[in-house]
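Enquirer: Before I ask anything, here is the structure I am working with.
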Amino acid sequence: MSSAVIAGLLVFGAVYLFMQREMLRVILGFVLLGHAGNVVLMAAGGSARRHEPFGAPGDLSTVADPLPQAFVLTAIVIAFSITIVMLVLAVTGRDEDDDTEADPEEARS
Amino acid sequence: MSGALLPLFVALPLLLSALLLIVGDRRVLHAVGLFGTLLLAIGGALWLVTDFAGSGGAVAHGVAQWPVGISIPFVADMFAALMLAVTAVLTLVCSWFAYASGRAATVYFAPLVLVLTAGVNGALLTADLFNLFVFIEVMLLPSYGLFVLAARHKGTERQVMGARLYVTLNLLTSTIFLMGVGFIYGTAGTVNMAELAGRAATDGTVAISAAVCLFAVAIKAAVVPIHGWLAVAYPATSPAITALFSGLHTKVAIYAIYRIYAVVFDGDAHWLWIGVALCCLTMVAGVLGAVGEKTTRSVLAFHMISQIGYILLGVALFTLAGLAAGIFYLLHHMIVKASLFLSTGAIEVRYGTGRIGALSGMAKREPVIAVAFFVAALSLAGLPPFSGFVAKFSLILAAVDTGHVIAVIVMLAVSLVTLLSMLKIWNGVFWGSAEAPAPHAPAPAGDGAVATASDGVVATASGRRISAALAGPAVVTACLTLALGLGAEVLMGVSTTAAEGLLDTSTYVKAVMDS
Amino acid sequence: MIGVTVGIVILAVACLAAAFRILRGPTEADRAVAGDLLLFGFVGLIALFGVRVANEYTFDIVLVAALVGFLSALSLARALTRGKR
Amino acid sequence: MTEILTVLGNVLIVAGALVFATAALGVARFRDAYMRVSAVGTAGGLGIVFVVTGALLLQPSVSNVVKVVLIITIHLITSAVGTMAIARAAYLTGTPLERYAFDELAADSPTSDRDKEPARKPAAE
Amino acid sequence: MSWLTWPFRVLGFLVWYAGQIVSSSTAVLRDNLTPGQNSTPGVARVRTRCRSDLEVTLLAALITLTPGTLTLGMHDAPVAAQRRRDAEDIRTLYVHSLYSGDADSVRDEVRELEIRLLRAVRRSGGTS
Amino acid sequence: MLLACLAGALLTCALAPLLTRVLGRDAGWLLAVPLLGAAALIALGYDDAAHSPAEPTPAVVESLPWIPSLDVGLALRLDGLSLVFSLLVLVIGAAVLCYATRYLERTDRVDRGKHAGFYALMTGFAAAMLALVLADDLVVFYVAWEATTLCSFLLIARSGDGAREPAIRTLLVTVAGGLVLLAAVTVMIVATGTTRISAVLTHDVWGGQPGLTTLVAVLVAVAAFTKSAQFPFQAWLPDSMVAITPVSAYLHAAAMVKAGIYLLLRFSPVFSGVPAWTVLLVTAGLVTAVFGAVAALRRYDLKELLAYSTMSQLGLLTAMIGVGTTAALSAAVVHTVAHALFKSALFMGVGVIDHNAHTRDLRKLARMNPRMPVTAAIMVLAAASMAGIPLLLGFVSKESMLAAFLDAPGPAWTPWLLTATAALASVFTVAYSARLVLGALGGRRGTMVREAPVTFWAAPAAGALAGLVLGLAPFLLDGLASAGASAAAGSTVEKHLAVWHGPVPELFVSLAVLATGAVLVLARRRVHAVLGPRAFPFSALDGVDRAREGTIRLGGVVGSWTNSPAPARHLAIPAVCLSVVALLAVWRTSELPPVRIAASEPLDWLLALLIGCGVVAMMGARSLISAIVVTGVVGFSITVWFFDLGATDVAMTQLLVEILTVCVMVLLLRRLPARFSSPGARRRVVALLVAGAAGLATTAGVWMLTGRREASPASEYYLTHGYNETGGSNLVNTILVDFRALDTLGELTVLGVAGLTIAALLHGRRPAADDPAPIDERSPVSDPGTNTVFVRTAAWLLGPVIVAMSVILLLRGHYEPGGGFISALVGGAGFTLSYLAAPSDERARVRLPYLWLIGLGVAVGTVTGLLGYLDGSFLRPLHPSVLGFELTTALVFDVGVYLAVIGVILAAFNLLGRPPSDTTKVLPGEPEPGASGPDDPPGSDAAEGTRTEVRKRRRTARRNTPADPATARTPHATHDPGEVNPR
Ligand code: NA
Ligand code: NA
């Protein structure tokens, strides 16, 4: 249940930020959404077993599922890469502004 | 082909890409590496196609040969092989255009395209949903690079916005897909497609989870109501890249929808009506958007949306005829769309604008390009004797066969409006006196991405015309659509084989389980 | 282990107080300071959560946190001057 | 022995958390940014040292001792240096110093326009 | 043979410094936990005799770690002054203090810390 | 033979451009030969079949496979109907080609190819028509149908700028009809299970399913109406008169419009009994007949007049087919032939006049003096045939039609009503025929117009004469008419044509028509005065245009819904959709598997609280710094959460990533405005609602879809076999580098390409200008050199620790927390520290070729994977023994990961944190990205100068425009560090 609430909170913030004007806030929204995805993945392994998966544990019933952890590791790094790219994109191409809504062409027509 | 070789579809482009980065700025080496690898990929894919021709079947290989369910399985069947072949051909053609238009003259181009190829191949071959997510990302990252590489000089506002929109929407898609994969693992305890086979049809929670994945790829495929981003974002890069992406990204998403629905849902008839409804809406919204647009590439981008409705109708019907028609449509569309983007792109590159009405007389000035465009446009509208006709006809036949009257009416009406919008381009760009338009000043390496740059009629100047190298890709693809129309049986035969593999997934599943 | 739980709660509350200061300001410097404090708080929280679940590698991660947490403080300082060194 | 360590560890942890809490209190209550920086640099730094030491007592081992010594050293250095960087940045960007009794830094700035700022006037004592 | 005594000097310094922290903590804590504020904040100029970067960094860090005081920054003497090879006092620290009352007491406190620190860390010992 | 004829026609089409290039306009002579040859072949072939005793209904059948999987083949079948139409198509086609040799303008040697397009399209048109009338495959039929549409479009379109709009309208109407035909074709194929027209026609589905039959009948009828310009799809035909005369002649006499008639006749056997078919055809046909005839009376342009006449005549034909009796069908066949003859002659005759008099307006012609006896004779003969004057073929066919109308089945009043209406149309026909002839004869004064050469008038003369000969000896047509009618009726019909049938009713009707017509001709001025000013209340042409514009306008509206380039709406829509999906899922799901163990612990909620506060703070943050800091709050809370769930590696990675992200953000932050705008109340409310729904959906999803199953088989495998199989005790790491190394290979590629993408992004352009805060430069503590001493000392102290940790983490990754990513991120942190500690941007660079590193990383990863083939599979880890130590290639793989991560971090810091005139190499031998555009030689002074100039101008512009929103929002925007205090 805590995973569910945490994921919900993260998505809530993410979607709210998506709907803001500034690119940076949209990016921050994606940071949150990335967290949410990872929380979902971790939850998918089941949050009842929490012992770190090392070696060849005798009692499997308390050890966390290592597969979602590997998924999350991969996902974190991928999200990191894309976040950097998006941050660069937010400051590239135009001076000063990272506003996502100004569109002179539309204003003209 | 032995299944163990399948990972080479990913490994070789990746390795080449890495080596090109290491050797640095040696343009000839880059071109040789890029085209060589692509030719190799085409060869490999055709090898697979011939393997499966006739009797169908599938080869699979668990990468690194861990036990089944632990290894990431790579599987090829006819559908995958066809997609591998056509995507590689498209990449080749678009890269050719990029080189011809001066777009590829950077140290980044060839490595990025190669990584993109690796990603596409991996996404097509993998039978593991998380791995699919990874390969979608492997496709996307170089795409971001290629997208922005296009607008080399400081782009217009809209281009920057387009790039941002492209990145954000794709990121959203991948994250939702990732969540869906999480849910699938949460409910089914596996992300292996073979182990998931049919699970969504029997287990409601798996169905919901898989639906999240489908939803995500549907965003990528630009299905209504999440279609608008594509029409805004795609025209914001250079023509070659628009063509490339239209052939790769949306199509891989469509491939994933076909695959997931066939395997995980086992074609569950329960939900098909939703698919049919969404497909009809997509067709209509796309084509209406297209007639309303003002630049060639925006028109074409909206068409892509409309055609995606057609293609997905194949899976929404989920009969042999429907799937075969859908696959045929998919392959045909990849080629024709590229042809259209590349013919109008050649004009854009050469004359500096793609604004409808800012050009005229291209039919007289550039007859070769005009013919290429005309052929592809007719094919897109589904007129015989081009491949588009066979695609549309077989799809309508399948829809009539299943009694989807509304879908048939929509398809027919939409093809008329499609023709209308194509006429809009023809009228605004190709017809008229040939004297007025002339090459734009910055031509040779001209910025193809300035689709919206010029409002007025382009200034008069004498000058060169579109070179053979630049026109080549459009002509080749236009010839392909004619050949695929006249020789439709070949493609229809293999599409049917591919469709059989989707209708009865046991071969696919067995191949993975035995790998 | 009650001390650990109490410690966690106290640290968490302290972090919340810091978060409040971040929103409140009034100056950007105040926000940066509160951010610095937050980082410390999380280093402590990691340590405490680690001993709570008896994670073998608690101190590895705390060590990493102490090493790189520094970067965020420096970055915040850099953020205040908007890039001026 | 283990119990003693456990109790001591728990006590240290709570103590560290409380020291840390004073930093938070300072951040919440102090008048200006510099006072807050001061509080964080000290209590934040030391509080965590206490907490980590307490944690060590709960999981004592040789390798952990080495790690914790490293952690404490590193943490003390980095928290101090980080705090100073923030403090300087705050000063350079003109963050006001509230009701100060003396300010030789301002006095040493030759033609600083900061003098004009009312916030920098010495508090009436 | 002063390097032999070095570890002991360091240890002694650490003990002294811990005491300093405890004593100054009480002042801060008292102020912090009681209503109202009775601090006398200010920034004082402190010339240091630290020669190396390590020494000056240590001094600044220790000042910062001491409750109630904080190093704001450093100023180097002009190039001309630095030419004197043996010159000390070429670096000036600016120290923010909460409870010292005036600039001179800040200087005194720091000076004591500095002397003890340098005596501890310099292998030769002492500040000369 | 049929295939050969078709192939010959197509070959002619293919050769036409070439021949035209050689022969100029005279190519028409040569091109006509194969058409005539084909006609002869077809006639002979049919004759053979007709005399073979085996065949009850004579037909020649040939086929070639095309798409067997759809049962589509190039099946051709020659029966009586096909015979009639293919002869018309080929013979009249040949005649028009011959005629065109003189109609077209003579070309010089230079532009010989000018008419290549015309001849190619005309012969193509003939080939398409031939395929259409011979097709025995529904799909081939449709293909040919569309091909005629295309040919006519192109032929019309190439007649100049004025022809564009008519061509488009023609295309749209006829393609719309084509789509209806396609619908009919598919329904027929699905209903009958075959594509063979001959099989479809005899299929018994038609008798059993009246609904289906009606549907198809209506679809076929509508398709034919569009092609044959029947009401209400008639508008395009007169509109398309802009095409040159040979085109019109062919279009009206034998090609385009006749395709519709052929379609109706072809499907008569099936649908003639269907009430909807009859009603539709008769009504539309008669309405068109009258309407067209009346409209023709009002025209001045001879061609236009003829166009309306075609409409009218086709209306009669359509109605005739609708009547559907054998008599009616045979009458229709005969009239089709008659119409083809007189209409081609008339069009070509008008063309001759137009060509020589340079006008075809009868008002202008009246002021001229044409001395063209032959042409006049042709016009008179052909028009008389059209008017149904005895002794001409038109009279014979018209009389047959009237007879069929009089015998029409149905209630007693129908024959009378039909006959009366047809007679009315015929009366007007007489009138407009006279108008045409009188107009064509012209005046007696004014410019004299000379007769054309024989080569010019030969073709129309042949048509007119054929009408006369067949009118005098109609029995010559008996065979053809009987064959055609038999095929159209689906039963054997013997048609005997004669000039004189005795005093039958239709004769009286004919006489009455002629008499009334004569009256109208005599009173022609008054008639015109009555009809002339009356415009029809609506124009179908406007209808087409309005529909077209309306669609385009609607398209603009639909497009504008999603036209915004701002991500907000595009991102919100999926959120809303997902919420709806979740709502449905929650609503539909009745039973869920039980939750396994109470998965939440009290302290979890503390973390949830922290995360919640962080999220809310992020939403509310108005300053960049707070946003970044509270992002850290969330990130660190998540880190703790992962750690709490037993994911040590994940927590470590998350922590490192979080901090490095903050560092990168700070690099960029100086280029962004310091504060966010405050959203309006409405936007905020909408955003909150959408976000709330999405959040709830996610919570519901996670709650429903996780934590409700046993441990997965995969996880049990890893936990029980992972260590033994790989020798690694860090199971997460073994998954990363052994079991699922492919994921990791993809991931390191993603990272590397991110570096590449950043470089590409900054290739040739720059990030937005720096916007540093106003710094008190004279403050004693402002010198960066002095004040970075502390950090530099710390970095100097920590550096070895970082390096050591990085190495340790890398080496131990397989066994304890660590591995390539974590160690590389720690190493990256070292580079970040050295960047942050440097006294100036210039000295902050790390001179490593980062793209090269990235390439190396990917290469190492891939090559390690390829080495796995030594043990049978890609990415199979090897465990070679080196000097007694067992190694694993997984470590090498991790090194690849390490290199890629370092590469991307270096790329980020070097590219974003560098000063403007930096010259870091990204690759050995690669010019600095952004240092110069590809068009400038790298480092050229000119390029540098231009860029500096641009920057200067940008600054100036910024300072001079106070209204600039960026300036308004950022108080420091005009600050230029260069101006304050050059130290
Ligand atoms: Na107090
Ligand atoms: Na302090």
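Going through the structure tokens in order, the chains are called A, B, and so on, while each chain numbers its residues from 1 and the ligands are numbered from 1 in the order shown.
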Name the residues in contact with Ala262 in chain B at a cut-off of 10 Å, using only C-alpha atoms, excluding same-chain residues fewer than 3 positions from it; report them as a ChimeraX atom specification.
Expert: /B:197-198,256-259,265-268,315,318,323,499,501-505
Enquirer: Could you take the residues named above and write them with all heavy atoms, as a compact mmCIF listing (two decimals), in the first residue's frame?
Expert:
# COMPACT_ATOMS: atom_id res chain seq x y z
N ALA B 197 2.27 -15.79 -22.85
CA ALA B 197 1.35 -16.07 -23.95
C ALA B 197 -0.04 -16.41 -23.43
O ALA B 197 -0.23 -17.31 -22.61
CB ALA B 197 1.89 -17.23 -24.78
N GLY B 198 -1.00 -15.65 -23.91
CA GLY B 198 -2.40 -15.91 -23.56
C GLY B 198 -2.79 -15.51 -22.15
O GLY B 198 -3.97 -15.65 -21.78
N ALA B 256 4.91 -3.56 -32.09
CA ALA B 256 4.76 -4.01 -30.70
C ALA B 256 3.30 -4.24 -30.37
O ALA B 256 2.94 -5.21 -29.68
CB ALA B 256 5.38 -2.97 -29.76
N ILE B 257 2.43 -3.36 -30.87
CA ILE B 257 1.01 -3.55 -30.60
C ILE B 257 0.53 -4.88 -31.20
O ILE B 257 -0.14 -5.68 -30.53
CB ILE B 257 0.20 -2.37 -31.18
CG1 ILE B 257 0.52 -1.10 -30.41
CG2 ILE B 257 -1.30 -2.68 -31.12
CD1 ILE B 257 -0.16 0.13 -30.95
N TYR B 258 0.91 -5.10 -32.44
CA TYR B 258 0.53 -6.37 -33.08
C TYR B 258 1.03 -7.55 -32.25
O TYR B 258 0.29 -8.48 -31.95
CB TYR B 258 1.15 -6.46 -34.49
CG TYR B 258 0.27 -5.96 -35.59
CD1 TYR B 258 0.14 -4.61 -35.82
CD2 TYR B 258 -0.42 -6.83 -36.41
CE1 TYR B 258 -0.66 -4.13 -36.84
CE2 TYR B 258 -1.22 -6.37 -37.44
CZ TYR B 258 -1.33 -5.02 -37.65
OH TYR B 258 -2.12 -4.55 -38.66
N ARG B 259 2.29 -7.49 -31.90
CA ARG B 259 2.92 -8.62 -31.24
C ARG B 259 2.29 -8.85 -29.87
O ARG B 259 1.92 -9.97 -29.53
CB ARG B 259 4.43 -8.34 -31.14
CG ARG B 259 5.22 -9.47 -30.59
CD ARG B 259 5.25 -10.67 -31.51
NE ARG B 259 6.24 -10.59 -32.55
CZ ARG B 259 6.29 -11.42 -33.60
NH1 ARG B 259 5.37 -12.36 -33.73
NH2 ARG B 259 7.20 -11.30 -34.52
N PHE B 265 -2.37 -11.22 -25.37
CA PHE B 265 -3.83 -11.27 -25.31
C PHE B 265 -4.39 -12.45 -26.10
O PHE B 265 -5.58 -12.71 -26.06
CB PHE B 265 -4.43 -9.97 -25.85
CG PHE B 265 -4.33 -8.82 -24.90
CD1 PHE B 265 -3.17 -8.09 -24.80
CD2 PHE B 265 -5.41 -8.49 -24.10
CE1 PHE B 265 -3.08 -7.04 -23.92
CE2 PHE B 265 -5.32 -7.43 -23.21
CZ PHE B 265 -4.15 -6.71 -23.12
N ASP B 266 -3.53 -13.10 -26.86
CA ASP B 266 -3.95 -14.19 -27.72
C ASP B 266 -5.10 -13.74 -28.62
O ASP B 266 -6.03 -14.50 -28.91
CB ASP B 266 -4.38 -15.39 -26.86
CG ASP B 266 -4.33 -16.67 -27.68
OD1 ASP B 266 -3.73 -16.63 -28.77
OD2 ASP B 266 -4.91 -17.68 -27.25
N GLY B 267 -5.04 -12.49 -29.03
CA GLY B 267 -6.06 -11.97 -29.94
C GLY B 267 -7.45 -11.90 -29.33
O GLY B 267 -8.45 -11.91 -30.06
N ASP B 268 -7.52 -11.80 -28.03
CA ASP B 268 -8.79 -11.77 -27.31
C ASP B 268 -9.84 -10.89 -28.01
O ASP B 268 -9.69 -9.68 -28.13
CB ASP B 268 -8.52 -11.21 -25.90
CG ASP B 268 -9.71 -11.41 -24.98
OD1 ASP B 268 -10.74 -11.91 -25.45
OD2 ASP B 268 -9.58 -11.07 -23.79
N VAL B 315 -4.99 -5.30 -36.84
CA VAL B 315 -4.94 -6.06 -35.59
C VAL B 315 -6.28 -5.97 -34.87
O VAL B 315 -6.69 -6.88 -34.15
CB VAL B 315 -3.76 -5.62 -34.71
CG1 VAL B 315 -3.99 -4.28 -34.08
CG2 VAL B 315 -3.51 -6.65 -33.63
N PHE B 318 -8.36 -8.69 -36.25
CA PHE B 318 -7.78 -9.95 -35.79
C PHE B 318 -8.36 -11.19 -36.48
O PHE B 318 -8.75 -12.16 -35.83
CB PHE B 318 -7.86 -10.08 -34.26
CG PHE B 318 -6.62 -10.76 -33.74
CD1 PHE B 318 -5.50 -10.02 -33.43
CD2 PHE B 318 -6.55 -12.14 -33.64
CE1 PHE B 318 -4.33 -10.62 -33.00
CE2 PHE B 318 -5.38 -12.76 -33.22
CZ PHE B 318 -4.28 -11.99 -32.89
N LEU B 323 -5.15 -9.35 -40.37
CA LEU B 323 -3.75 -9.23 -39.96
C LEU B 323 -2.84 -9.15 -41.18
O LEU B 323 -1.92 -8.32 -41.22
CB LEU B 323 -3.37 -10.43 -39.09
CG LEU B 323 -3.98 -10.45 -37.69
CD1 LEU B 323 -3.78 -11.80 -37.05
CD2 LEU B 323 -3.37 -9.36 -36.83
N ALA B 499 1.00 -13.12 -40.80
CA ALA B 499 -0.27 -13.05 -40.09
C ALA B 499 -0.63 -14.39 -39.47
O ALA B 499 -1.16 -14.44 -38.36
CB ALA B 499 -1.37 -12.61 -41.06
N GLY B 501 1.43 -16.43 -38.30
CA GLY B 501 2.23 -16.50 -37.08
C GLY B 501 1.63 -15.73 -35.94
O GLY B 501 1.86 -16.04 -34.77
N LEU B 502 0.87 -14.69 -36.25
CA LEU B 502 0.24 -13.91 -35.18
C LEU B 502 -1.07 -14.54 -34.75
O LEU B 502 -1.45 -14.49 -33.57
CB LEU B 502 -0.03 -12.48 -35.67
CG LEU B 502 1.19 -11.60 -35.88
CD1 LEU B 502 0.78 -10.26 -36.43
CD2 LEU B 502 1.94 -11.41 -34.58
N LEU B 503 -1.75 -15.13 -35.71
CA LEU B 503 -3.05 -15.72 -35.39
C LEU B 503 -2.86 -16.96 -34.52
O LEU B 503 -3.61 -17.18 -33.57
CB LEU B 503 -3.74 -16.10 -36.70
CG LEU B 503 -5.25 -16.20 -36.66
CD1 LEU B 503 -5.84 -14.87 -36.21
CD2 LEU B 503 -5.79 -16.56 -38.03
N ASP B 504 -1.84 -17.72 -34.86
CA ASP B 504 -1.54 -18.89 -34.05
C ASP B 504 -0.11 -18.71 -33.54
O ASP B 504 0.86 -18.93 -34.27
CB ASP B 504 -1.65 -20.16 -34.90
CG ASP B 504 -1.22 -21.38 -34.10
OD1 ASP B 504 -1.05 -21.25 -32.87
OD2 ASP B 504 -1.06 -22.45 -34.71
N THR B 505 0.02 -18.30 -32.28
CA THR B 505 1.34 -17.94 -31.78
C THR B 505 2.10 -19.14 -31.24
O THR B 505 3.16 -18.97 -30.66
CB THR B 505 1.21 -16.90 -30.67
OG1 THR B 505 0.30 -17.39 -29.69
CG2 THR B 505 0.72 -15.58 -31.21
Enquirer: Could you build a table of the residues in chain E lying no more than 6 Å from ligand 2, giving for each the nearest pair of atoms and their separation in Å rounded to one decimal place, using only C-alpha atoms and all ligand atoms, ordered by chain and ascending residue number, as JSON lines?
Expert:
{"residue": "E:Thr64", "atom": "CA", "partner": "ligand 2", "partner_atom_place_in_ligand_line": "1 (Na)", "distance": 3.9}
{"residue": "E:Leu65", "atom": "CA", "partner": "ligand 2", "partner_atom_place_in_ligand_line": "1 (Na)", "distance": 4.5}
{"residue": "E:Thr66", "atom": "CA", "partner": "ligand 2", "partner_atom_place_in_ligand_line": "1 (Na)", "distance": 4.4}
{"residue": "E:Pro67", "atom": "CA", "partner": "ligand 2", "partner_atom_place_in_ligand_line": "1 (Na)", "distance": 4.1}
{"residue": "E:Gly68", "atom": "CA", "partner": "ligand 2", "partner_atom_place_in_ligand_line": "1 (Na)", "distance": 4.8}
{"residue": "E:Thr69", "atom": "CA", "partner": "ligand 2", "partner_atom_place_in_ligand_line": "1 (Na)", "distance": 4.2}
{"residue": "E:Leu70", "atom": "CA", "partner": "ligand 2", "partner_atom_place_in_ligand_line": "1 (Na)", "distance": 4.7}
Enquirer: Please identify all protein, DNA and RNA residues within 12 Å of ligand 1, counting only C-alpha atoms and all ligand atoms, and report them as a list of chain:residue names.
Expert: D:Thr22, D:Leu25, D:Gly26, D:Arg29, D:Phe30, D:Arg31, E:Thr26, E:Ala27, E:Val28, E:Leu29, E:Arg30, E:Asp31, E:Asn32, E:Leu33, E:Thr34, E:Pro35, E:Gly36, E:Gln37, E:Asn38, E:Ser39, E:Thr40, E:Leu98, E:Tyr99
Enquirer: Leaving out range 302-312 of chain B and any residue of its chain fewer than 3 positions from it, which residues lie within 7 Å of it when counting only C-alpha atoms, given as a PyMOL selection string?
Expert: chain B and resi 222-223+227+231+279-280+282-287+289-290+298-299+315-316+326+329-330
Enquirer: Taking N, CA and C atoms for each residue, export the selection above as a short mmCIF file (atom, residue, chain, number, x, y, z; two decimals), in the first residue's frame.
Expert:
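Ended up saving to result.cif:
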data_model
loop_
_atom_site.label_atom_id
_atom_site.label_comp_id
_atom_site.auth_asym_id
_atom_site.auth_seq_id
_atom_site.Cartn_x
_atom_site.Cartn_y
_atom_site.Cartn_z
N ALA B 222 0.87 7.22 -32.10
CA ALA B 222 0.02 8.38 -32.36
C ALA B 222 -1.41 7.98 -32.69
N VAL B 223 -1.99 7.19 -31.83
CA VAL B 223 -3.39 6.84 -31.99
C VAL B 223 -4.23 7.92 -31.32
N HIS B 227 -2.58 11.90 -30.67
CA HIS B 227 -1.93 11.90 -31.96
C HIS B 227 -1.27 13.23 -32.28
N ALA B 231 2.11 15.21 -35.24
CA ALA B 231 1.95 16.17 -36.34
C ALA B 231 2.72 17.45 -36.07
N CYS B 279 -9.31 3.09 -34.18
CA CYS B 279 -8.72 3.16 -35.51
C CYS B 279 -9.52 4.08 -36.41
N CYS B 280 -10.83 3.96 -36.34
CA CYS B 280 -11.67 4.83 -37.18
C CYS B 280 -11.44 6.29 -36.81
N THR B 282 -8.87 7.56 -35.46
CA THR B 282 -7.53 7.96 -35.87
C THR B 282 -7.48 8.29 -37.35
N MET B 283 -8.12 7.43 -38.14
CA MET B 283 -8.15 7.71 -39.58
C MET B 283 -8.76 9.08 -39.85
N VAL B 284 -9.89 9.32 -39.22
CA VAL B 284 -10.62 10.55 -39.51
C VAL B 284 -9.85 11.76 -39.01
N ALA B 285 -9.44 11.71 -37.76
CA ALA B 285 -8.74 12.87 -37.19
C ALA B 285 -7.47 13.16 -37.97
N GLY B 286 -6.77 12.11 -38.35
CA GLY B 286 -5.52 12.31 -39.07
C GLY B 286 -5.75 12.97 -40.42
N VAL B 287 -6.71 12.46 -41.13
CA VAL B 287 -6.87 12.96 -42.49
C VAL B 287 -7.45 14.37 -42.47
N GLY B 289 -6.92 16.54 -40.13
CA GLY B 289 -5.77 17.39 -39.79
C GLY B 289 -4.93 17.67 -41.02
N ALA B 290 -4.77 16.65 -41.84
CA ALA B 290 -3.91 16.79 -43.02
C ALA B 290 -4.45 17.82 -44.00
N SER B 298 3.81 18.91 -42.80
CA SER B 298 2.75 18.76 -41.79
C SER B 298 1.60 17.96 -42.36
N VAL B 299 1.28 18.22 -43.64
CA VAL B 299 0.22 17.41 -44.27
C VAL B 299 0.59 15.94 -44.18
N VAL B 315 -4.99 -5.30 -36.84
CA VAL B 315 -4.94 -6.06 -35.59
C VAL B 315 -6.28 -5.97 -34.87
N ALA B 316 -6.99 -4.86 -35.10
CA ALA B 316 -8.28 -4.72 -34.43
C ALA B 316 -9.32 -5.68 -35.01
N GLY B 326 -3.22 -5.81 -42.64
CA GLY B 326 -2.57 -4.81 -41.79
C GLY B 326 -1.07 -4.82 -41.96
N TYR B 329 -0.20 -3.43 -45.24
CA TYR B 329 -0.35 -1.97 -45.18
C TYR B 329 0.84 -1.34 -44.47
N LEU B 330 1.24 -1.97 -43.39
CA LEU B 330 2.36 -1.45 -42.60
C LEU B 330 3.61 -1.35 -43.46
#
Enquirer: Which value, in Å to one decimal, gives the distance between CA of Phe118 in chain F and CA of Leu138 in chain F?
Expert: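 Here the two named atoms are 28.7 Å from each other.
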Enquirer: How many Å lie between CA of Asp103 in chain D and CA of Val43 in chain E, rounded to one decimal?
Expert: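 Going from CA of Asp103 in chain D over to CA of Val43 in chain E, I get 4.5 Å.
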Enquirer: For Leu33 in chain A, list every protein, DNA or RNA residue within 9 Å, evaluated using only C-alpha atoms, and leave out those in the same chain fewer than 4 positions away; present the list as a list in words.
Expert: Ala7, Leu10, Val11, Phe12, Gly13, Ala14, Val15, Leu28, Gly29, Gly37 and Asn38 of chain A; Leu172, Thr175 and Ile176 of chain B
Enquirer: Give me the residues within 10 Å of Leu667 in chain F as a PyMOL selection string, counting only C-alpha atoms and dropping any in the same chain fewer than 2 places off.
Expert: (chain A and resi 87-88) or (chain C and resi 75+78-79+82-83) or (chain F and resi 661-665+669-671+908-909+912-914)
Enquirer: DSSP on the backbone: what in chain C comes out alpha helix (DSSP H), as number ranges by chain?
Expert: C: 2-24, 28-52, 58-80
Enquirer: For chain D, list the residues within 6 Å of chain F, counting only C-alpha atoms, and write the list as a list in words.
Expert: Leu92, Thr93 and Ser109 of chain D
Enquirer: Would you pick out the contacts of Val31 in chain A at 10 Å or less, using only C-alpha atoms, so that residues sharing its chain but fewer than 6 positions from it are not included, and give the list as a ChimeraX atom specification?
Expert: /A:10,14,25,37,76,79-80,82-83 /F:631,634-635,658,661
